[in-house]
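One file, target-v4.txt, carrying compact mmCIF, C-alpha atoms:
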# COMPACT_ATOMS: atom_id res chain seq x y z
CA MET A 1 3.85 -34.64 -27.96
CA PHE A 2 4.28 -30.89 -28.18
CA ASP A 3 4.15 -29.14 -24.82
CA PRO A 4 3.20 -25.47 -25.29
CA LEU A 5 4.48 -24.68 -21.76
CA SER A 6 7.84 -26.42 -22.11
CA TRP A 7 9.62 -23.07 -21.87
CA ILE A 8 8.49 -22.45 -18.28
CA PRO A 9 10.92 -24.78 -16.40
CA GLU A 10 13.89 -23.16 -18.13
CA GLN A 11 12.68 -19.69 -17.19
CA LEU A 12 12.08 -20.80 -13.59
CA GLU A 13 15.67 -22.03 -13.45
CA LEU A 14 16.77 -18.63 -14.71
CA LEU A 15 14.89 -17.03 -11.83
CA ASN A 16 16.65 -19.48 -9.51
CA SER A 17 20.04 -18.44 -10.83
CA LEU A 18 19.18 -14.77 -10.31
CA GLU A 19 17.90 -15.53 -6.77
CA ARG A 20 14.51 -14.12 -7.76
CA ARG A 21 12.29 -17.18 -7.69
CA ARG A 22 9.42 -16.84 -5.27
CA ALA A 23 7.30 -19.48 -3.56
CA VAL A 24 4.00 -19.51 -1.69
CA HIS A 25 4.08 -20.43 2.01
CA THR A 26 1.31 -21.21 4.44
CA ARG A 27 0.73 -19.44 7.76
CA ALA A 28 -0.88 -21.73 10.33
CA THR A 29 -2.37 -19.10 12.63
CA GLN A 30 -4.27 -15.84 12.43
CA GLN A 31 -2.32 -12.74 11.45
CA GLY A 32 -0.46 -11.12 14.33
CA ALA A 33 2.84 -10.02 15.82
CA THR A 34 3.70 -13.71 16.23
CA ILE A 35 2.69 -16.45 13.81
CA ILE A 36 3.20 -20.17 13.34
CA TRP A 37 4.97 -20.88 10.08
CA LYS A 38 6.71 -24.09 8.98
CA ASP A 39 6.14 -25.77 12.35
CA GLY A 40 7.68 -22.94 14.33
CA THR A 41 6.60 -19.75 16.06
CA LEU A 42 8.06 -16.59 14.55
CA LEU A 43 8.13 -12.94 15.43
CA ASN A 44 6.35 -11.37 12.47
CA PHE A 45 7.85 -8.15 11.10
CA SER A 46 6.51 -8.76 7.59
CA SER A 47 2.85 -7.80 7.82
CA ASN A 48 1.09 -4.57 6.82
CA ASP A 49 -1.35 -5.04 9.73
CA TYR A 50 -0.01 -1.83 11.26
CA LEU A 51 -2.71 -1.34 13.90
CA ASN A 52 -3.00 -5.03 14.78
CA LEU A 53 -6.64 -5.19 13.70
CA ALA A 54 -6.59 -8.16 11.30
CA ALA A 55 -7.52 -10.60 14.06
CA ASP A 56 -9.35 -8.18 16.34
CA PRO A 57 -12.42 -9.87 17.90
CA ARG A 58 -14.58 -6.82 17.17
CA LEU A 59 -14.01 -7.21 13.45
CA GLN A 60 -14.75 -10.92 13.69
CA GLU A 61 -18.00 -10.27 15.51
CA ALA A 62 -19.12 -7.66 12.97
CA ALA A 63 -18.34 -10.06 10.11
CA GLN A 64 -20.23 -12.91 11.74
CA LEU A 65 -23.32 -10.78 12.28
CA ALA A 66 -23.21 -9.65 8.66
CA ILE A 67 -22.98 -13.26 7.45
CA ALA A 68 -26.03 -14.14 9.51
CA ARG A 69 -27.88 -11.15 8.07
CA GLU A 70 -26.71 -11.03 4.43
CA GLY A 71 -24.99 -14.37 3.81
CA TRP A 72 -21.49 -14.74 2.42
CA GLY A 73 -21.24 -14.21 -1.33
CA SER A 74 -22.58 -11.02 -2.92
CA GLY A 75 -23.57 -12.80 -6.12
CA ALA A 76 -22.87 -10.12 -8.72
CA SER A 77 -21.16 -6.83 -9.44
CA PRO A 78 -22.34 -3.77 -7.48
CA LEU A 79 -24.18 -2.49 -10.56
CA ILE A 80 -26.27 -5.65 -10.88
CA THR A 81 -27.45 -7.16 -7.59
CA GLY A 82 -24.19 -7.39 -5.62
CA ARG A 83 -24.47 -4.22 -3.56
CA GLY A 84 -25.83 -4.88 -0.08
CA GLU A 85 -26.71 -2.72 2.89
CA ALA A 86 -23.33 -3.21 4.55
CA GLN A 87 -21.47 -1.95 1.49
CA THR A 88 -23.69 1.13 1.26
CA ALA A 89 -23.18 1.83 4.96
CA LEU A 90 -19.40 1.45 4.59
CA GLU A 91 -19.21 3.92 1.70
CA GLU A 92 -21.28 6.44 3.63
CA ALA A 93 -19.06 6.01 6.70
CA LEU A 94 -15.91 6.33 4.59
CA ALA A 95 -17.07 9.59 3.04
CA LYS A 96 -17.88 10.98 6.50
CA PHE A 97 -14.55 9.79 7.90
CA GLU A 98 -12.56 11.26 4.99
CA GLY A 99 -14.58 14.49 4.87
CA THR A 100 -15.62 14.03 1.24
CA GLU A 101 -18.90 14.05 -0.64
CA ALA A 102 -18.73 10.39 -1.60
CA ALA A 103 -16.74 7.16 -1.50
CA LEU A 104 -16.59 4.04 -3.64
CA THR A 105 -15.31 0.62 -2.59
CA PHE A 106 -13.42 -1.78 -4.86
CA ALA A 107 -12.62 -5.50 -4.68
CA SER A 108 -8.94 -4.66 -3.98
CA GLY A 109 -6.61 -1.72 -3.58
CA PHE A 110 -4.96 -2.80 -6.83
CA ALA A 111 -8.30 -2.51 -8.63
CA ALA A 112 -8.99 0.90 -7.07
CA ASN A 113 -5.73 2.35 -8.36
CA ALA A 114 -5.73 0.74 -11.77
CA GLY A 115 -9.42 1.37 -12.39
CA THR A 116 -9.31 5.00 -11.32
CA ILE A 117 -6.32 5.91 -13.49
CA ASP A 118 -7.84 4.20 -16.52
CA ALA A 119 -11.20 5.92 -15.96
CA LEU A 120 -9.69 9.40 -15.62
CA THR A 121 -7.32 9.38 -18.60
CA ASP A 122 -7.43 8.48 -22.27
CA ARG A 123 -5.67 9.13 -25.55
CA GLY A 124 -4.60 12.77 -25.67
CA ASP A 125 -3.93 12.95 -21.92
CA VAL A 126 -0.67 12.59 -19.99
CA ILE A 127 0.07 10.80 -16.70
CA LEU A 128 3.03 11.89 -14.56
CA SER A 129 4.01 9.08 -12.18
CA ASP A 130 6.69 8.76 -9.47
CA GLU A 131 9.22 6.08 -10.42
CA LYS A 132 8.67 4.22 -7.14
CA ASN A 133 4.89 4.09 -7.30
CA HIS A 134 3.18 0.80 -6.47
CA ALA A 135 2.65 -1.78 -9.19
CA SER A 136 -1.10 -1.09 -9.17
CA ILE A 137 -0.41 2.51 -10.21
CA ILE A 138 2.10 1.42 -12.82
CA ASP A 139 -0.34 -1.10 -14.28
CA GLY A 140 -3.08 1.52 -14.25
CA THR A 141 -0.92 3.79 -16.40
CA ARG A 142 -0.35 0.86 -18.77
CA LEU A 143 -4.08 0.21 -19.05
CA SER A 144 -4.74 3.82 -19.94
CA LYS A 145 -4.28 5.02 -23.52
CA ALA A 146 -2.66 8.18 -22.16
CA THR A 147 0.97 9.15 -22.60
CA VAL A 148 3.02 8.29 -19.51
CA ARG A 149 5.93 10.29 -18.13
CA VAL A 150 7.84 8.88 -15.12
CA TYR A 151 9.70 11.30 -12.86
CA PRO A 152 12.57 10.43 -10.46
CA HIS A 153 11.47 9.56 -6.94
CA ARG A 154 10.11 12.66 -5.15
CA ASP A 155 11.94 14.97 -7.60
CA VAL A 156 9.66 18.02 -7.69
CA ALA A 157 11.96 20.08 -9.93
CA TYR A 158 12.06 17.33 -12.55
CA LEU A 159 8.28 16.97 -12.37
CA GLU A 160 7.81 20.69 -12.93
CA ASN A 161 10.01 20.56 -16.02
CA LEU A 162 7.84 17.72 -17.34
CA LEU A 163 4.69 19.71 -16.64
CA LYS A 164 6.08 22.66 -18.57
CA GLN A 165 6.38 20.36 -21.59
CA CYS A 166 2.86 18.96 -21.25
CA GLY A 167 0.77 22.01 -22.02
CA THR A 168 -0.57 20.57 -25.27
CA PHE A 169 -2.18 17.55 -23.61
CA ARG A 170 -5.93 17.66 -22.98
CA ARG A 171 -5.63 16.58 -19.32
CA ARG A 172 -2.71 16.08 -16.97
CA LEU A 173 -2.75 13.60 -14.06
CA ILE A 174 -0.08 13.57 -11.36
CA VAL A 175 -0.21 10.30 -9.43
CA THR A 176 1.82 9.20 -6.43
CA ASP A 177 1.86 7.02 -3.36
CA THR A 178 1.84 9.12 -0.20
CA LEU A 179 3.89 6.54 1.71
CA PHE A 180 6.08 4.37 -0.51
CA SER A 181 5.68 0.76 0.52
CA MET A 182 9.24 -0.55 0.15
CA ASP A 183 11.50 2.25 1.38
CA GLY A 184 9.05 3.94 3.75
CA THR A 185 9.59 7.40 2.29
CA VAL A 186 6.90 10.09 2.09
CA ALA A 187 5.89 12.05 -1.02
CA PRO A 188 6.31 15.87 -0.98
CA LEU A 189 2.56 16.28 -1.00
CA ASP A 190 2.34 20.02 -0.39
CA GLN A 191 4.69 20.72 -3.30
CA LEU A 192 2.79 18.31 -5.55
CA ALA A 193 -0.44 20.12 -4.71
CA ASP A 194 1.23 23.42 -5.60
CA LEU A 195 2.32 22.05 -8.98
CA ALA A 196 -1.09 20.56 -9.70
CA GLU A 197 -2.72 23.94 -9.13
CA LYS A 198 -0.06 25.88 -11.05
CA TYR A 199 -0.28 23.63 -14.12
CA GLU A 200 -3.99 22.81 -13.87
CA ALA A 201 -3.38 19.09 -13.35
CA MET A 202 -5.43 16.48 -11.52
CA LEU A 203 -3.68 15.13 -8.42
CA MET A 204 -4.30 11.53 -7.36
CA VAL A 205 -2.69 9.98 -4.30
CA ASP A 206 -2.66 6.47 -2.87
CA GLU A 207 -2.83 6.51 0.93
CA ALA A 208 -2.68 2.69 1.20
CA HIS A 209 0.11 2.54 3.79
CA ALA A 210 -0.78 5.84 5.51
CA THR A 211 -4.50 5.47 6.22
CA GLY A 212 -5.04 4.73 9.90
CA VAL A 213 -1.41 5.50 10.81
CA PHE A 214 -0.96 9.20 10.02
CA GLY A 215 -3.03 12.30 10.68
CA GLN A 216 -4.78 13.54 13.79
CA GLN A 217 -7.86 11.49 12.91
CA GLY A 218 -6.00 8.70 11.11
CA ARG A 219 -7.00 9.73 7.60
CA GLY A 220 -3.43 9.62 6.31
CA LEU A 221 -0.66 11.90 5.13
CA CYS A 222 -2.93 14.30 3.24
CA GLU A 223 -4.54 15.07 6.59
CA GLN A 224 -1.15 15.37 8.25
CA TYR A 225 0.02 17.81 5.56
CA GLY A 226 -3.25 19.76 5.81
CA ILE A 227 -3.94 19.45 2.07
CA GLU A 228 -6.99 17.18 1.89
CA ASP A 229 -9.08 19.84 0.15
CA ARG A 230 -6.32 20.23 -2.48
CA VAL A 231 -6.22 16.56 -3.46
CA PRO A 232 -9.35 15.71 -5.48
CA ILE A 233 -8.63 11.98 -5.89
CA ARG A 234 -7.65 9.95 -2.82
CA VAL A 235 -7.28 6.17 -2.94
CA GLY A 236 -6.93 3.86 0.05
CA THR A 237 -7.05 0.23 1.02
CA PHE A 238 -8.71 -1.82 3.73
CA SER A 239 -5.98 -4.47 3.61
CA LYS A 240 -3.31 -2.72 5.66
CA ALA A 241 -3.95 -0.74 8.85
CA LEU A 242 -7.69 -1.46 8.70
CA GLY A 243 -7.04 -5.20 8.86
CA GLY A 244 -9.39 -6.28 6.06
CA HIS A 245 -9.62 -6.58 2.30
CA GLY A 246 -10.46 -4.30 -0.61
CA GLY A 247 -9.81 -0.75 -1.72
CA PHE A 248 -11.64 2.55 -1.95
CA VAL A 249 -11.67 5.97 -3.58
CA VAL A 250 -12.95 9.13 -1.89
CA GLY A 251 -13.70 12.49 -3.43
CA SER A 252 -16.50 14.48 -5.00
CA ARG A 253 -19.86 13.02 -5.95
CA ALA A 254 -19.03 13.71 -9.59
CA LEU A 255 -15.78 11.70 -9.31
CA VAL A 256 -17.53 8.71 -7.76
CA ASP A 257 -20.35 8.82 -10.29
CA TRP A 258 -17.79 8.86 -13.10
CA LEU A 259 -15.97 5.85 -11.67
CA VAL A 260 -19.24 3.95 -11.31
CA ASN A 261 -19.79 4.45 -15.02
CA ARG A 262 -16.24 4.14 -16.38
CA SER A 263 -14.02 2.12 -14.04
CA ARG A 264 -13.82 -1.36 -15.54
CA PRO A 265 -12.51 -3.13 -12.38
CA TYR A 266 -15.52 -1.75 -10.50
CA ILE A 267 -18.08 -2.48 -13.20
CA PHE A 268 -16.89 -6.00 -13.98
CA SER A 269 -15.90 -7.32 -10.53
CA THR A 270 -18.21 -9.13 -8.15
CA ALA A 271 -18.85 -7.03 -5.07
CA ALA A 272 -16.98 -7.93 -1.89
CA PRO A 273 -18.85 -9.96 0.75
CA ALA A 274 -21.01 -8.05 3.20
CA ALA A 275 -18.92 -9.53 6.01
CA ASN A 276 -15.87 -7.60 4.86
CA ALA A 277 -17.82 -4.33 4.66
CA ALA A 278 -19.21 -4.84 8.16
CA ALA A 279 -15.75 -5.61 9.55
CA MET A 280 -14.35 -2.48 7.92
CA LEU A 281 -17.10 -0.40 9.48
CA ALA A 282 -15.95 -1.70 12.85
CA SER A 283 -12.34 -0.98 11.95
CA LEU A 284 -13.12 2.64 11.05
CA GLU A 285 -14.69 3.11 14.46
CA ILE A 286 -11.64 1.66 16.22
CA ILE A 287 -9.27 3.90 14.28
CA GLN A 288 -11.20 6.97 15.42
CA GLN A 289 -11.71 5.82 19.01
CA GLU A 290 -8.21 4.45 19.68
CA PRO A 291 -5.62 6.91 18.33
CA GLU A 292 -3.07 5.44 20.75
CA ARG A 293 -2.54 2.60 18.28
CA ARG A 294 -0.98 4.83 15.60
CA VAL A 295 0.88 6.90 18.18
CA ALA A 296 2.49 3.74 19.59
CA VAL A 297 3.44 2.32 16.19
CA LEU A 298 5.22 5.49 15.09
CA ALA A 299 6.98 5.81 18.45
CA MET A 300 8.23 2.23 18.14
CA ALA A 301 9.52 3.01 14.64
CA ASP A 302 11.42 6.05 15.90
CA GLN A 303 13.06 3.97 18.63
CA LEU A 304 13.93 1.11 16.31
CA ARG A 305 15.54 3.39 13.74
CA VAL A 306 17.84 4.85 16.37
CA ARG A 307 18.91 1.42 17.62
CA LEU A 308 19.48 -0.05 14.16
CA ARG A 309 21.53 2.95 13.05
CA GLU A 310 23.67 2.54 16.18
CA LEU A 311 24.43 -0.97 14.88
CA GLY A 312 25.59 0.50 11.59
CA TRP A 313 22.65 -0.45 9.36
CA SER A 314 21.66 1.84 6.48
CA LEU A 315 17.96 2.76 6.71
CA GLY A 316 17.54 5.33 3.97
CA ASP A 317 15.11 8.22 4.49
CA SER A 318 12.19 6.43 6.14
CA GLN A 319 10.29 8.28 8.86
CA THR A 320 7.39 5.85 8.99
CA GLN A 321 6.36 2.44 10.34
CA ILE A 322 8.10 0.85 7.34
CA ILE A 323 11.85 0.56 7.96
CA PRO A 324 14.06 -0.54 5.06
CA VAL A 325 17.44 -2.05 5.88
CA ILE A 326 19.29 -1.38 2.65
CA VAL A 327 21.84 -4.06 1.74
CA GLY A 328 22.20 -3.77 -2.05
CA THR A 329 22.33 -7.21 -3.64
CA GLU A 330 19.72 -9.94 -3.96
CA GLY A 331 22.02 -12.58 -2.52
CA LEU A 332 22.77 -10.63 0.64
CA ALA A 333 19.14 -9.60 1.19
CA MET A 334 17.89 -13.17 0.92
CA ASP A 335 20.77 -14.57 3.02
CA LEU A 336 20.12 -12.10 5.83
CA SER A 337 16.39 -12.83 5.71
CA ALA A 338 17.10 -16.57 5.95
CA ARG A 339 19.45 -16.04 8.90
CA LEU A 340 16.79 -14.04 10.73
CA LEU A 341 14.29 -16.80 10.04
CA LYS A 342 16.60 -19.31 11.74
CA LEU A 343 16.61 -16.98 14.74
CA GLY A 344 12.79 -17.05 14.82
CA ILE A 345 12.15 -13.70 13.14
CA MET A 346 10.34 -13.09 9.86
CA VAL A 347 11.69 -10.08 7.96
CA PRO A 348 11.31 -10.44 4.19
CA GLY A 349 14.13 -9.82 1.76
CA ILE A 350 12.96 -7.47 -1.01
CA ARG A 351 14.45 -7.73 -4.50
CA PRO A 352 13.58 -6.75 -8.07
CA PRO A 353 11.02 -6.14 -9.42
CA SER A 354 9.74 -4.84 -6.06
CA VAL A 355 12.78 -2.55 -5.81
CA PRO A 356 15.27 -1.32 -8.45
CA GLU A 357 18.49 -3.17 -9.20
CA GLY A 358 21.10 -2.56 -6.50
CA GLU A 359 18.55 -1.40 -3.92
CA CYS A 360 17.63 -4.74 -2.33
CA LEU A 361 16.66 -4.55 1.30
CA LEU A 362 15.12 -6.12 4.36
CA ARG A 363 11.67 -4.64 4.92
CA ILE A 364 10.73 -4.29 8.58
CA SER A 365 7.13 -3.28 9.20
CA LEU A 366 5.86 -2.55 12.69
CA SER A 367 2.49 -3.23 14.27
CA PHE A 368 0.65 -2.09 17.38
CA GLY A 369 0.86 -5.75 18.38
CA HIS A 370 4.63 -5.61 18.81
CA SER A 371 5.97 -5.27 22.33
CA GLN A 372 9.19 -3.81 23.68
CA GLN A 373 10.47 -7.36 24.10
CA HIS A 374 9.76 -8.04 20.42
CA LEU A 375 11.82 -4.98 19.45
CA ASP A 376 14.66 -6.01 21.76
CA THR A 377 14.71 -9.49 20.23
CA LEU A 378 14.82 -8.03 16.72
CA VAL A 379 17.66 -5.64 17.57
CA ASP A 380 19.67 -8.45 19.15
CA ALA A 381 19.16 -10.57 16.03
CA MET A 382 20.17 -7.71 13.74
CA ALA A 383 23.37 -7.34 15.74
CA LYS A 384 24.14 -11.05 15.29
CA ILE A 385 23.68 -11.06 11.51
CA ARG A 386 25.55 -7.81 10.83
CA PRO A 387 27.99 -8.53 7.94
Re-express the file's structure as C-alpha cells.
Amino acid sequence: MFDPLSWIPEQLELLNSLERRRAVHTRATQQGATIIWKDGTLLNFSSNDYLNLAADPRLQEAAQLAIAREGWGSGASPLITGRGEAQTALEEALAKFEGTEAALTFASGFAANAGTIDALTDRGDVILSDEKNHASIIDGTRLSKATVRVYPHRDVAYLENLLKQCGTFRRRLIVTDTLFSMDGTVAPLDQLADLAEKYEAMLMVDEAHATGVFGQQGRGLCEQYGIEDRVPIRVGTFSKALGGHGGFVVGSRALVDWLVNRSRPYIFSTAAPAANAAAMLASLEIIQQEPERRVAVLAMADQLRVRLRELGWSLGDSQTQIIPVIVGTEGLAMDLSARLLKLGIMVPGIRPPSVPEGECLLRISLSFGHSQQHLDTLVDAMAKIRP
C-alpha cells in the first residue's frame, strides 16, 4: 500500500546525521530556577522567565479568580464573542503602562509580529529586516506581499544604502528585535529611529526579550534609549519576563484600529482565556512595583560574563540577561549541553536554523530566581567542560 508519508523517516535520519533532530521533553514541575526533568532535579538556565514570575502565587491567584468569574475558554475570536472584561482591562493597563493611546493583545507573540507586518505592508511596499530577527518576524515578511530586503545584523550603514534605493516603494517598514534572543545583542535603536525619520519609513520593534527587564519603568529598550515617541509600532510578549502567554502591540489608536480590521491572526484566532489576561494584569503591577527584580537579573548577568570570560569562553557582544557561549559547530554545542546536563545543569545547545551555520552556541538565560550559589555551580561546571 502506498504510504504518502514514507519520505519522512529518511528525512528524520538526515536530521540525525546533521545533529539537528529535535525532540519534545516533559518538565515535571512548575517553571523556575530549578526543575525536575527526566527523574532528576536540574538548575534551569534555559527559560525566558527572566523575572521569575511564571509560578508566582499572585499570578496564580489572579488567574483562579478570573476562572471563577469568567470561566476558562473564551469561546470565539475577540471580534465575535471572545473578548471578556479581563482582556479589555489588560489592554487598557498595557496602554497606560507603555504610554500609548491603545494596545491590542494577540494569542501569541508570534501572531503579534506576523500579523502586524502583514497588516501594515502589501504589494508595492518594502520591508527592511535585520538578518537575525526572530522567526515570527521572518514569517511575517513572508506572509506579506511586500518586497523584502534583509540587512546584515545591526549594520546601520548597509541599511541606509538600502533605504536610498527604496524611494520608489509606496511604504517602507524597518523591523527589528530590540534584544536578539539567541546572541543577546541589542539593536542600535536610536540610529534606526534617525533613519526611519530621514527616509520617511515606519519603524516596528519587537521588545519580546526586553519588556520587564530594561528601562526605568520596565517598558524595554525603547524606554532605555529614550525613543518611545519615535517608534510608532511596538510589539511585546507576555511569555517571557511577564511569566504568561500571548503577545501584544502598543501604539496609536489608529494603528490598533487598523490591526483589528486587517490582522488575520487577530481576526481569526480564538481569544486567550480570561485567566491569562488577569494573570498578566497582576504581572504588570509586579513589574512596576518591584524594579529590584530587573536590577538583580542584569547585575547577575554582568557578574557571570566576567567569570566566564576569565575561563576563556567566547561570549560575543551580549550586554543583557541572555549570555551566548559561542562554540561554533553543532556537534560541540550539543556535546557541551549534554555534559552540563549530566552535571545537573540545563543549558540548551543552539544550532541552525535558530542560529546561522558556524555560530552554534550554548544559550544561558538568567532569572531573578537564580541565587549566587546557582551562579557558582554553573561557573564550576563551565570550568569542568572547557574543551
Could you give me, as a PDB file with C-alpha atoms, in the frame of the given file, the residues within 7 Å of region 287-304 of chain A, counting all atoms listed in the file and dropping anything in the same chain fewer than 5 positions from it?
ATOM      1  CA  LEU A  51      -2.710  -1.340  13.900  1.00  0.00           C
ATOM      2  CA  GLY A 212      -5.040   4.730   9.900  1.00  0.00           C
ATOM      3  CA  VAL A 213      -1.410   5.500  10.810  1.00  0.00           C
ATOM      4  CA  GLN A 217      -7.860  11.490  12.910  1.00  0.00           C
ATOM      5  CA  GLY A 218      -6.000   8.700  11.110  1.00  0.00           C
ATOM      6  CA  THR A 320       7.390   5.850   8.990  1.00  0.00           C
ATOM      7  CA  GLN A 321       6.360   2.440  10.340  1.00  0.00           C
ATOM      8  CA  LEU A 366       5.860  -2.550  12.690  1.00  0.00           C
ATOM      9  CA  SER A 367       2.490  -3.230  14.270  1.00  0.00           C
ATOM     10  CA  PHE A 368       0.650  -2.090  17.380  1.00  0.00           C
TER      11      PHE A 368
END
All residues 10 Å or closer to Ile345 (chain A), all atoms listed in the file, same chain fewer than 5 positions away omitted, as a CSV table (one decimal) with C-alpha atoms, in the frame of the given file:
chain,number,residue,atom,x,y,z
A,34,THR,CA,3.7,-13.7,16.2
A,35,ILE,CA,2.7,-16.4,13.8
A,41,THR,CA,6.6,-19.8,16.1
A,42,LEU,CA,8.1,-16.6,14.6
A,43,LEU,CA,8.1,-12.9,15.4
A,44,ASN,CA,6.4,-11.4,12.5
A,45,PHE,CA,7.8,-8.2,11.1
A,46,SER,CA,6.5,-8.8,7.6
A,337,SER,CA,16.4,-12.8,5.7
A,338,ALA,CA,17.1,-16.6,6.0
A,339,ARG,CA,19.4,-16.0,8.9
A,340,LEU,CA,16.8,-14.0,10.7
A,374,HIS,CA,9.8,-8.0,20.4
A,377,THR,CA,14.7,-9.5,20.2
A,378,LEU,CA,14.8,-8.0,16.7
A,381,ALA,CA,19.2,-10.6,16.0
Residue neighbourhood region 233-248 of chain A, 9 Å, only C-alpha atoms, exclusion window fewer than 6 positions, as number ranges by chain:
A: 47-56, 59, 91, 94, 103-113, 116, 202-213, 222, 255, 272, 276-277, 279-280, 283-284, 287, 367
Can you tell me how far CA of Leu259 (chain A) sits from CA of Asp118 (chain A), in Å to one decimal?
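Taking CA of Leu259 (chain A) and CA of Asp118 (chain A), their separation equals 9.6 Å.
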Using all atoms listed in the file, collect all residues at a distance of at most 12 Å from (-4.1, 18.7, 3.5) as written in the file, then present them as a PyMOL selection string.
chain A and resi 98-99+178+188-194+205+214-216+219-232+234
Based on the selection just made, write C-alpha atoms of those residues as a tab-separated table (two decimals), in the coordinates of the input.
chain	number	residue	atom	x	y	z
A	98	GLU	CA	-12.56	11.26	4.99
A	99	GLY	CA	-14.58	14.49	4.87
A	178	THR	CA	1.84	9.12	-0.20
A	188	PRO	CA	6.31	15.87	-0.98
A	189	LEU	CA	2.56	16.28	-1.00
A	190	ASP	CA	2.34	20.02	-0.39
A	191	GLN	CA	4.69	20.72	-3.30
A	192	LEU	CA	2.79	18.31	-5.55
A	193	ALA	CA	-0.44	20.12	-4.71
A	194	ASP	CA	1.23	23.42	-5.60
A	205	VAL	CA	-2.69	9.98	-4.30
A	214	PHE	CA	-0.96	9.20	10.02
A	215	GLY	CA	-3.03	12.30	10.68
A	216	GLN	CA	-4.78	13.54	13.79
A	219	ARG	CA	-7.00	9.73	7.60
A	220	GLY	CA	-3.43	9.62	6.31
A	221	LEU	CA	-0.66	11.90	5.13
A	222	CYS	CA	-2.93	14.30	3.24
A	223	GLU	CA	-4.54	15.07	6.59
A	224	GLN	CA	-1.15	15.37	8.25
A	225	TYR	CA	0.02	17.81	5.56
A	226	GLY	CA	-3.25	19.76	5.81
A	227	ILE	CA	-3.94	19.45	2.07
A	228	GLU	CA	-6.99	17.18	1.89
A	229	ASP	CA	-9.08	19.84	0.15
A	230	ARG	CA	-6.32	20.23	-2.48
A	231	VAL	CA	-6.22	16.56	-3.46
A	232	PRO	CA	-9.35	15.71	-5.48
A	234	ARG	CA	-7.65	9.95	-2.82
So which one's closest to Asp125 (chain A), A:Pro356, A:Gly316, A:Gly167, A:Pro265? Using all atoms listed in the file, please.
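The answer is A:Gly167, which sits nearest to Asp125 (chain A).
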Leaving out region 18-31 of chain A and any residue of its chain fewer than 2 positions from it, which residues lie within 7 Å of it when counting only C-alpha atoms, given as number ranges by chain?
A: 12, 14-16, 35-37, 54-55, 330-331
For the residues in that selection, give me C-alpha atoms as a CSV table (one decimal), in the frame of the given file.
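The resulting file, selection.csv, is shown below:
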chain,number,residue,atom,x,y,z
A,12,LEU,CA,12.1,-20.8,-13.6
A,14,LEU,CA,16.8,-18.6,-14.7
A,15,LEU,CA,14.9,-17.0,-11.8
A,16,ASN,CA,16.6,-19.5,-9.5
A,35,ILE,CA,2.7,-16.4,13.8
A,36,ILE,CA,3.2,-20.2,13.3
A,37,TRP,CA,5.0,-20.9,10.1
A,54,ALA,CA,-6.6,-8.2,11.3
A,55,ALA,CA,-7.5,-10.6,14.1
A,330,GLU,CA,19.7,-9.9,-4.0
A,331,GLY,CA,22.0,-12.6,-2.5
Restricting the calculation to only C-alpha atoms, which member of A:Val325, A:Val355, A:Val256, A:Ala383 is positioned closest to Ser181 (chain A)?
A:Val355
May I ask which of the residues A:Ala102, A:Val250, A:Ala271, A:Val175 is the closest one to Pro78 (chain A), counting all atoms listed in the file?
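Nearest candidate to Pro78 (chain A) out of A:Ala102, A:Val250, A:Ala271, A:Val175: A:Ala271.
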Report, in Å with one decimal, the straight-line distance from CA of Asp155 (chain A) to CA of Lys132 (chain A).
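CA of Asp155 (chain A) sits 11.2 Å away from CA of Lys132 (chain A).
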Nearest to Ala135 (chain A) by atom-to-atom distance, counting only C-alpha atoms, from A:Thr100, A:Ser77, A:Thr329, A:Thr176:
A:Thr176
Counting only C-alpha atoms, which of A:Ile286, A:Ile364, A:Val379, A:Leu308 gets nearest to Arg58 (chain A)?
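Closest residue, counting only C-alpha atoms: A:Ile286.
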Counting all atoms listed in the file, the residue of A:Ile117, A:Leu361, A:Ala274, A:Ile8 that sits nearest Glu85 (chain A):
A:Ala274
Interatomic distance, CA of Ala157 (chain A) to CA of Leu195 (chain A) (Å, one decimal):
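CA of Leu195 (chain A) lies 9.9 Å from CA of Ala157 (chain A).
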Output, as JSON, the centre and edge lengths in Å (one decimal) of the axis-aligned box that contains all listed atoms of region 296-315 of chain A with 8 Å of margin on each side.
{"center_x": 14.0, "center_y": 2.5, "center_z": 13.0, "size_x": 39.1, "size_y": 23.0, "size_z": 29.1}
Excluding Val148 (chain A) and residues on its chain fewer than 6 positions from it, collect all residues at most 7 Å away from it, counting all atoms listed in the file, and give them as number ranges by chain.
A: 126-128, 141
